[in-house]
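As provided, query-v7.cif (mmCIF, C-alpha atoms) reads as follows.
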data_target
#
loop_
_atom_site.label_atom_id
_atom_site.label_comp_id
_atom_site.auth_asym_id
_atom_site.auth_seq_id
_atom_site.Cartn_x
_atom_site.Cartn_y
_atom_site.Cartn_z
CA MET R 16 35.13 -4.86 24.90
CA LYS R 17 37.25 -7.23 27.03
CA HIS R 18 35.12 -10.33 26.75
CA PRO R 19 37.15 -13.57 26.92
CA ALA R 20 35.41 -15.21 23.93
CA LYS R 21 34.32 -12.62 21.40
CA MET R 22 33.09 -13.81 18.01
CA ASN R 23 34.68 -12.18 14.98
CA PRO R 24 32.05 -9.78 13.50
CA LEU R 25 33.12 -10.57 9.92
CA TRP R 26 32.57 -14.28 10.53
CA ALA R 27 29.19 -13.53 12.08
CA GLN R 28 28.19 -11.49 9.01
CA ARG R 29 29.19 -14.25 6.61
CA ILE R 30 27.42 -16.98 8.58
CA ILE R 31 24.23 -14.92 8.88
CA GLN R 32 24.18 -14.09 5.18
CA GLU R 33 24.74 -17.69 4.09
CA TYR R 34 22.59 -19.60 6.56
CA SER R 35 19.60 -17.33 7.24
CA LYS R 36 17.06 -15.28 5.34
CA LEU R 37 15.69 -11.77 5.73
CA ASN R 38 13.30 -11.42 8.69
CA GLU R 39 14.20 -14.83 10.13
CA VAL R 40 14.89 -15.08 13.87
CA ILE R 41 18.43 -15.95 14.92
CA LEU R 42 19.02 -17.32 18.40
CA ASP R 43 22.38 -17.01 20.16
CA PRO R 44 22.06 -18.78 23.54
CA MET R 45 25.57 -17.79 24.69
CA ALA R 46 25.59 -14.29 23.29
CA GLY R 47 28.28 -12.51 25.33
CA VAL R 48 28.38 -8.88 24.22
CA GLY R 49 25.90 -9.50 21.40
CA THR R 50 28.01 -9.70 18.23
CA THR R 51 25.63 -12.14 16.54
CA GLY R 52 22.59 -10.02 17.35
CA ILE R 53 24.19 -6.79 16.20
CA GLU R 54 25.20 -8.24 12.85
CA ALA R 55 21.83 -9.98 12.46
CA SER R 56 20.00 -6.69 12.99
CA ARG R 57 22.24 -4.85 10.53
CA LEU R 58 21.47 -7.54 7.95
CA GLY R 59 17.70 -7.36 8.36
CA ARG R 60 17.18 -10.37 10.63
CA LYS R 61 15.60 -10.55 14.05
CA ALA R 62 17.66 -11.86 16.95
CA VAL R 63 17.28 -13.31 20.42
CA MET R 64 20.38 -12.86 22.55
CA ILE R 65 20.72 -14.85 25.79
CA ASP R 66 23.56 -14.92 28.30
CA ILE R 67 23.89 -16.27 31.81
CA GLU R 68 25.90 -13.33 33.17
CA ARG R 69 24.15 -10.11 34.13
CA LYS R 70 27.38 -8.25 33.27
CA TRP R 71 27.25 -9.25 29.61
CA VAL R 72 23.49 -8.83 29.33
CA ASN R 73 23.94 -5.21 30.40
CA GLU R 74 26.74 -4.71 27.88
CA MET R 75 24.58 -6.23 25.14
CA LYS R 76 21.82 -3.75 25.87
CA LYS R 77 24.32 -0.88 25.66
CA ASN R 78 25.63 -2.17 22.34
CA ILE R 79 22.14 -2.49 20.87
CA LYS R 80 21.43 1.11 21.91
CA LEU R 81 24.62 2.23 20.16
CA LEU R 82 23.55 0.31 17.06
CA GLU R 83 20.22 2.15 17.07
CA LYS R 84 21.87 5.50 17.79
CA ASN R 85 24.13 5.03 14.76
CA GLY R 86 21.15 4.30 12.53
CA GLN R 87 22.20 0.72 11.78
CA LYS R 88 19.47 -1.16 13.65
CA ILE R 89 17.18 -2.78 11.06
CA GLY R 90 15.95 -6.02 12.61
CA GLU R 91 14.51 -6.27 16.12
CA VAL R 92 16.73 -7.63 18.89
CA MET R 93 15.50 -9.25 22.10
CA VAL R 94 18.03 -9.49 24.95
CA MET R 95 17.49 -11.62 28.03
CA ARG R 96 19.39 -13.24 30.86
CA GLY R 97 19.15 -17.02 30.83
CA ASP R 98 20.90 -20.37 31.08
CA ALA R 99 21.80 -22.01 27.75
CA THR R 100 21.37 -25.44 29.33
CA LYS R 101 17.74 -24.69 30.24
CA LEU R 102 16.12 -23.26 27.13
CA ASN R 103 12.41 -23.82 26.56
CA LYS R 104 9.88 -22.68 23.98
CA THR R 105 7.90 -20.58 26.46
CA MET R 106 10.85 -18.17 26.71
CA PHE R 107 10.17 -16.75 23.27
CA PRO R 108 7.29 -14.50 22.21
CA ARG R 109 5.62 -15.60 18.97
CA LYS R 110 7.51 -13.12 16.81
CA PHE R 111 10.83 -14.30 18.26
CA LYS R 112 10.47 -18.05 17.76
CA PRO R 113 13.93 -19.20 16.55
CA ASP R 114 14.45 -20.13 12.89
CA VAL R 115 18.18 -20.77 13.16
CA VAL R 116 20.75 -20.97 15.96
CA ILE R 117 24.14 -19.30 15.51
CA PHE R 118 26.58 -19.17 18.40
CA SER R 119 30.17 -19.47 19.55
CA PRO R 120 30.55 -21.43 22.79
CA PRO R 121 33.40 -20.73 25.23
CA TYR R 122 36.51 -22.68 24.33
CA GLY R 123 37.87 -23.19 27.84
CA HIS R 124 41.56 -22.92 26.90
CA GLU R 125 44.06 -23.37 29.69
CA GLY R 126 46.18 -20.28 30.03
CA VAL R 127 43.39 -18.17 28.60
CA SER R 128 40.16 -18.66 30.48
CA GLY R 129 40.37 -21.74 32.67
CA ASP R 130 43.81 -21.85 34.31
CA THR R 131 45.16 -18.72 35.98
CA SER R 132 48.54 -20.37 36.61
CA LEU R 133 49.35 -20.27 32.89
CA ARG R 134 48.73 -16.58 32.20
CA GLY R 135 52.21 -15.30 32.96
CA GLY R 136 50.90 -12.89 35.57
CA GLU R 137 48.88 -10.94 33.01
CA LYS R 138 45.57 -9.33 33.98
CA TYR R 139 42.56 -10.68 32.15
CA ASP R 140 38.94 -9.59 32.14
CA GLU R 141 37.27 -12.99 32.39
CA TYR R 142 33.87 -14.43 33.13
CA GLY R 143 32.49 -13.04 36.36
CA GLU R 144 30.15 -15.76 37.63
CA ARG R 145 32.79 -18.47 37.77
CA ASP R 146 30.67 -21.16 39.41
CA ARG R 147 27.95 -21.00 36.73
CA ASN R 148 29.81 -20.09 33.55
CA ILE R 149 30.73 -23.00 31.27
CA GLY R 150 33.78 -21.06 30.10
CA MET R 151 35.38 -21.72 33.49
CA LYS R 152 34.79 -25.49 33.45
CA LYS R 153 37.38 -28.06 32.37
CA GLY R 154 37.55 -31.67 31.32
CA LYS R 155 34.49 -33.84 31.86
CA ALA R 156 32.58 -31.00 33.51
CA TYR R 157 33.00 -28.83 30.40
CA ASP R 158 31.99 -31.63 28.03
CA GLU R 159 28.89 -32.55 30.01
CA ALA R 160 27.80 -28.93 30.33
CA MET R 161 28.10 -28.40 26.56
CA LEU R 162 26.11 -31.57 25.86
CA LYS R 163 23.32 -30.04 27.93
CA VAL R 164 23.55 -26.85 25.85
CA TYR R 165 23.13 -28.74 22.56
CA ALA R 166 20.27 -30.82 23.97
CA SER R 167 18.63 -27.62 25.18
CA ILE R 168 18.97 -26.02 21.74
CA ASN R 169 17.29 -29.06 20.24
CA LYS R 170 14.22 -28.36 22.38
CA VAL R 171 13.61 -24.90 20.92
CA LEU R 172 14.80 -25.33 17.33
CA PRO R 173 12.19 -26.55 14.80
CA LYS R 174 12.90 -29.76 12.92
CA ASN R 175 15.01 -29.43 9.76
CA LYS R 176 16.34 -26.05 10.88
CA LEU R 177 20.05 -25.27 11.24
CA MET R 178 22.42 -24.88 14.16
CA ILE R 179 25.71 -23.21 13.25
CA VAL R 180 28.55 -23.42 15.75
CA ASN R 181 31.77 -21.38 15.65
CA ILE R 182 34.12 -23.70 17.52
CA LYS R 183 37.83 -24.09 18.27
CA ASP R 184 39.90 -26.96 19.60
CA ARG R 185 40.82 -26.45 23.24
CA THR R 186 43.77 -27.56 25.35
CA GLU R 187 43.96 -29.44 28.63
CA ASN R 188 47.13 -30.53 30.40
CA ARG R 189 49.07 -29.18 27.42
CA LYS R 190 47.26 -31.50 25.01
CA ARG R 191 45.01 -30.51 22.14
CA ILE R 192 41.37 -31.58 22.42
CA ARG R 193 39.63 -31.92 19.04
CA THR R 194 36.43 -30.23 20.16
CA GLY R 195 34.89 -29.97 16.69
CA GLU R 196 35.44 -33.65 15.91
CA ARG R 197 33.91 -34.61 19.24
CA LEU R 198 30.82 -32.57 18.47
CA LYS R 199 30.47 -34.11 15.00
CA ASN R 200 30.68 -37.60 16.50
CA ILE R 201 28.11 -36.97 19.25
CA ALA R 202 25.69 -34.91 17.10
CA PRO R 203 23.50 -37.88 16.01
CA LEU R 204 22.81 -38.71 19.66
CA LEU R 205 21.75 -35.10 20.22
CA GLY R 206 19.24 -35.13 17.37
CA PHE R 207 21.43 -33.30 14.83
CA LYS R 208 22.82 -34.30 11.42
CA PHE R 209 26.20 -32.91 10.41
CA VAL R 210 25.95 -30.84 7.20
CA GLU R 211 29.32 -29.23 6.58
CA SER R 212 32.46 -27.74 8.09
CA ARG R 213 34.53 -24.71 7.18
CA ARG R 214 38.01 -23.94 8.49
CA ILE R 215 39.02 -20.34 9.18
CA TYR R 216 42.35 -18.85 10.23
CA ALA R 217 42.33 -17.47 13.77
CA PRO R 218 45.36 -15.49 14.97
CA PRO R 219 46.26 -16.04 18.65
CA SER R 220 45.50 -13.53 21.38
CA GLY R 221 48.28 -12.02 23.47
CA PHE R 222 47.38 -14.32 26.34
CA ARG R 223 47.47 -17.33 24.04
CA ASN R 224 50.96 -16.36 22.90
CA ILE R 225 52.13 -16.11 26.51
CA ALA R 226 50.77 -19.56 27.32
CA GLU R 227 52.38 -21.09 24.24
CA LYS R 228 55.79 -19.55 24.75
CA LYS R 229 56.11 -19.91 28.51
CA HIS R 230 54.22 -23.12 29.17
CA GLY R 231 54.32 -25.20 26.00
CA ILE R 232 50.59 -25.01 25.23
CA PRO R 233 49.88 -26.42 21.72
CA LYS R 234 49.61 -23.86 18.94
CA ILE R 235 46.12 -23.59 17.50
CA ARG R 236 45.67 -21.25 14.55
CA SER R 237 42.25 -22.14 13.22
CA GLU R 238 38.60 -22.29 14.16
CA ARG R 239 35.75 -24.09 12.45
CA ILE R 240 32.24 -23.26 11.42
CA LEU R 241 30.22 -26.44 11.89
CA VAL R 242 26.73 -26.67 10.41
CA PHE R 243 24.13 -29.11 11.72
CA LYS R 244 20.48 -29.77 10.90
CA LYS R 245 17.97 -30.82 13.54
CA VAL R 246 16.55 -34.18 12.43
CA GLY R 247 14.96 -35.49 15.61
CA GLU R 248 14.97 -35.57 19.39
CA PRO R 249 18.06 -36.36 21.52
CA LYS R 250 18.68 -40.06 22.08
CA ILE R 251 20.52 -39.49 25.34
CA LYS R 252 19.20 -38.16 28.62
CA LEU R 253 21.29 -35.82 30.73
CA SER R 254 20.64 -35.44 34.42
CA ASP R 255 20.47 -32.06 36.12
CA ASN R 256 23.69 -32.98 37.90
CA ALA R 257 25.60 -33.78 34.69
#
Any chance you could put this one into structure tokens?
Amino acid sequence: MKHPAKMNPLWAQRIIQEYSKLNEVILDPMAGVGTTGIEASRLGRKAVMIDIERKWVNEMKKNIKLLEKNGQKIGEVMVMRGDATKLNKTMFPRKFKPDVVIFSPPYGHEGVSGDTSLRGGEKYDEYGERDRNIGMKKGKAYDEAMLKVYASINKVLPKNKLMIVNIKDRTENRKRIRTGERLKNIAPLLGFKFVESRRIYAPPSGFRNIAEKKHGIPKIRSERILVFKKVGEPKIKLSDNA
């Protein structure tokens, strides 16, 4: 599946096993092709999968059907189209109220998803709805959009419950942006307490290699699993135009 920001299924399995319990509801508000939901179902959890693009919502539904066809669907999975910056509690039926949030936001790397001039002429199956998808934003626009996502998650996650983020540093203007550190620093203002961080090796994609070799993009060979606990309401207000 040529999605520009797929989550590693083995990582998803490990995260789900360590940070959730049987029959709990896992929410992925930027679900893509549904990796988190598929692994959650296989491990006996329920899942709510949300994505802003109709294209990926349709692919998720196909993947869930394949899961069921192969006899591996254990937990229920709810798939819907929605905006991760505009979550609200009324979206979820009672049996799908989130117990934990597990997701991997788009990284917005230049030369991979955000800057066509750095792809070396290679074809790439990217996000379709470019004007709405956070994966296509850069700089301040990307940061502000992701702040709205975290604030939105806070609205639907019960207090003292966990939000687990699979995140990777991104690059802009050939400089490395420490995305994980930024999130850790801003978390208290978003109503979250940092719990722990785990570093995992992440081999580069073919497109990443092209950008590094031809355009001097910094080499990034790791991702992080950041764990946060909701401890209160956000202390900052974000406008609809942010």
Within 9 Å of R:Phe243, counting all atoms listed in the file, which residues qualify if same-chain residues fewer than 4 places away don't, as a PyMOL selection string?
-> chain R and resi 176-180+199+202+207-211
Store the residues picked out above in a file with C-alpha atoms, as a PDB file, in the coordinates of the input.
ATOM      1  CA  LYS R 176      16.340 -26.050  10.880  1.00  0.00           C
ATOM      2  CA  LEU R 177      20.050 -25.270  11.240  1.00  0.00           C
ATOM      3  CA  MET R 178      22.420 -24.880  14.160  1.00  0.00           C
ATOM      4  CA  ILE R 179      25.710 -23.210  13.250  1.00  0.00           C
ATOM      5  CA  VAL R 180      28.550 -23.420  15.750  1.00  0.00           C
ATOM      6  CA  LYS R 199      30.470 -34.110  15.000  1.00  0.00           C
ATOM      7  CA  ALA R 202      25.690 -34.910  17.100  1.00  0.00           C
ATOM      8  CA  PHE R 207      21.430 -33.300  14.830  1.00  0.00           C
ATOM      9  CA  LYS R 208      22.820 -34.300  11.420  1.00  0.00           C
ATOM     10  CA  PHE R 209      26.200 -32.910  10.410  1.00  0.00           C
ATOM     11  CA  VAL R 210      25.950 -30.840   7.200  1.00  0.00           C
ATOM     12  CA  GLU R 211      29.320 -29.230   6.580  1.00  0.00           C
TER      13      GLU R 211
END
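Once the PyMOL selection byres ((chain R and resi 49) around 8) is applied to the depicted file, the selected set reads Ala46, Gly47, Val48, Thr50, Thr51, Gly52, Ile53, Met64, Met75, Asn78 and Ile79 of chain R.
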Please produce a file of the residues just selected, as a PDB file, keeping the file's coordinate frame, where the atoms kept are C-alpha atoms.
ATOM      1  CA  ALA R  46      25.590 -14.290  23.290  1.00  0.00           C
ATOM      2  CA  GLY R  47      28.280 -12.510  25.330  1.00  0.00           C
ATOM      3  CA  VAL R  48      28.380  -8.880  24.220  1.00  0.00           C
ATOM      4  CA  THR R  50      28.010  -9.700  18.230  1.00  0.00           C
ATOM      5  CA  THR R  51      25.630 -12.140  16.540  1.00  0.00           C
ATOM      6  CA  GLY R  52      22.590 -10.020  17.350  1.00  0.00           C
ATOM      7  CA  ILE R  53      24.190  -6.790  16.200  1.00  0.00           C
ATOM      8  CA  MET R  64      20.380 -12.860  22.550  1.00  0.00           C
ATOM      9  CA  MET R  75      24.580  -6.230  25.140  1.00  0.00           C
ATOM     10  CA  ASN R  78      25.630  -2.170  22.340  1.00  0.00           C
ATOM     11  CA  ILE R  79      22.140  -2.490  20.870  1.00  0.00           C
TER      12      ILE R  79
END
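With atom CA of R:Met22 on one side and atom CA of R:Pro249 on the other, the separation reads 27.3 Å.
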Would you mind listing what lies within 12 Å of R:Ser167 as a list in words, with only C-alpha atoms counted and same-chain residues fewer than 4 positions away left out?
-> Pro44, Asp98, Ala99, Thr100, Lys101, Leu102, Asn103, Lys104, Val116, Ala160, Met161, Leu162, Lys163, Val171, Leu172, Met178, Leu205, Gly206, Glu248, Pro249, Lys252, Leu253 and Asp255 of chain R
Enter the distance from atom CA of R:Asn148 to atom CA of R:Asp66, in Å, rounded to one decimal.
-> 9.7 Å
Residue among R:Ser56, R:Gly231, R:Arg236, R:Lys250 lying closest to R:Leu204, counting all atoms listed in the file =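 For R:Leu204, the nearest of the candidates is R:Lys250.
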Atom CA of R:Ile251 to atom CA of R:Glu196, distance in Å rounded to a single decimal = 18.6 Å
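The closest residue to R:Met45, picked from R:Lys76, R:Arg60, R:Arg96, R:Lys228 and counting only C-alpha atoms, is R:Arg96.
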Name the closest residue to R:Asn23 among the candidates R:Arg109, R:Ala166, R:Ser119, R:Asn188; distances are taken between atoms, counting all atoms listed in the file.
->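 Counting all atoms listed in the file, the residue closest to R:Asn23 is R:Ser119.
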Selection in question (the file shown): the PyMOL selection byres ((chain R and resi 88-95) around 6). Which residues does it include, as a CSV table (one decimal) with C-alpha atoms, in the frame of the given file?
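Saved the output as part34.csv:
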chain,number,residue,atom,x,y,z
R,56,SER,CA,20.0,-6.7,13.0
R,57,ARG,CA,22.2,-4.8,10.5
R,59,GLY,CA,17.7,-7.4,8.4
R,60,ARG,CA,17.2,-10.4,10.6
R,61,LYS,CA,15.6,-10.6,14.0
R,62,ALA,CA,17.7,-11.9,17.0
R,63,VAL,CA,17.3,-13.3,20.4
R,64,MET,CA,20.4,-12.9,22.6
R,65,ILE,CA,20.7,-14.8,25.8
R,82,LEU,CA,23.6,0.3,17.1
R,83,GLU,CA,20.2,2.2,17.1
R,86,GLY,CA,21.2,4.3,12.5
R,87,GLN,CA,22.2,0.7,11.8
R,96,ARG,CA,19.4,-13.2,30.9
Determine the nearest neighbour of R:Val115 from the options R:Leu198, R:Leu241, R:Ile168, R:Leu42, counting only C-alpha atoms.
->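 Ranking R:Leu198, R:Leu241, R:Ile168, R:Leu42 by distance to R:Val115, first place goes to R:Leu42.
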Written as an MDAnalysis selection string, what is the full residue list that the PyMOL selection byres ((chain R and resi 158) around 12) yields on the file shown?
-> chainID R and resid 120:123 149:157 159:165 185 192:195 197:198 201 253 257
Nearest to R:Lys174 among R:Asn224, R:Pro219, R:Pro203, R:Gly247, with distances taken over all atoms listed in the file: which residue is it?
-> R:Gly247
Top pick for closest residue to R:Arg214, considering R:Asp114, R:Glu187, R:Glu238, R:Asp43 and counting all atoms listed in the file =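 Answer, going by the shortest atom-to-atom distance: R:Glu238.
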Residues at most 6 Å from R:Ile232, counting only C-alpha atoms, excluding those fewer than 5 positions away in the same chain, as a VMD selection string?
-> chain R and resid 189 226 to 227
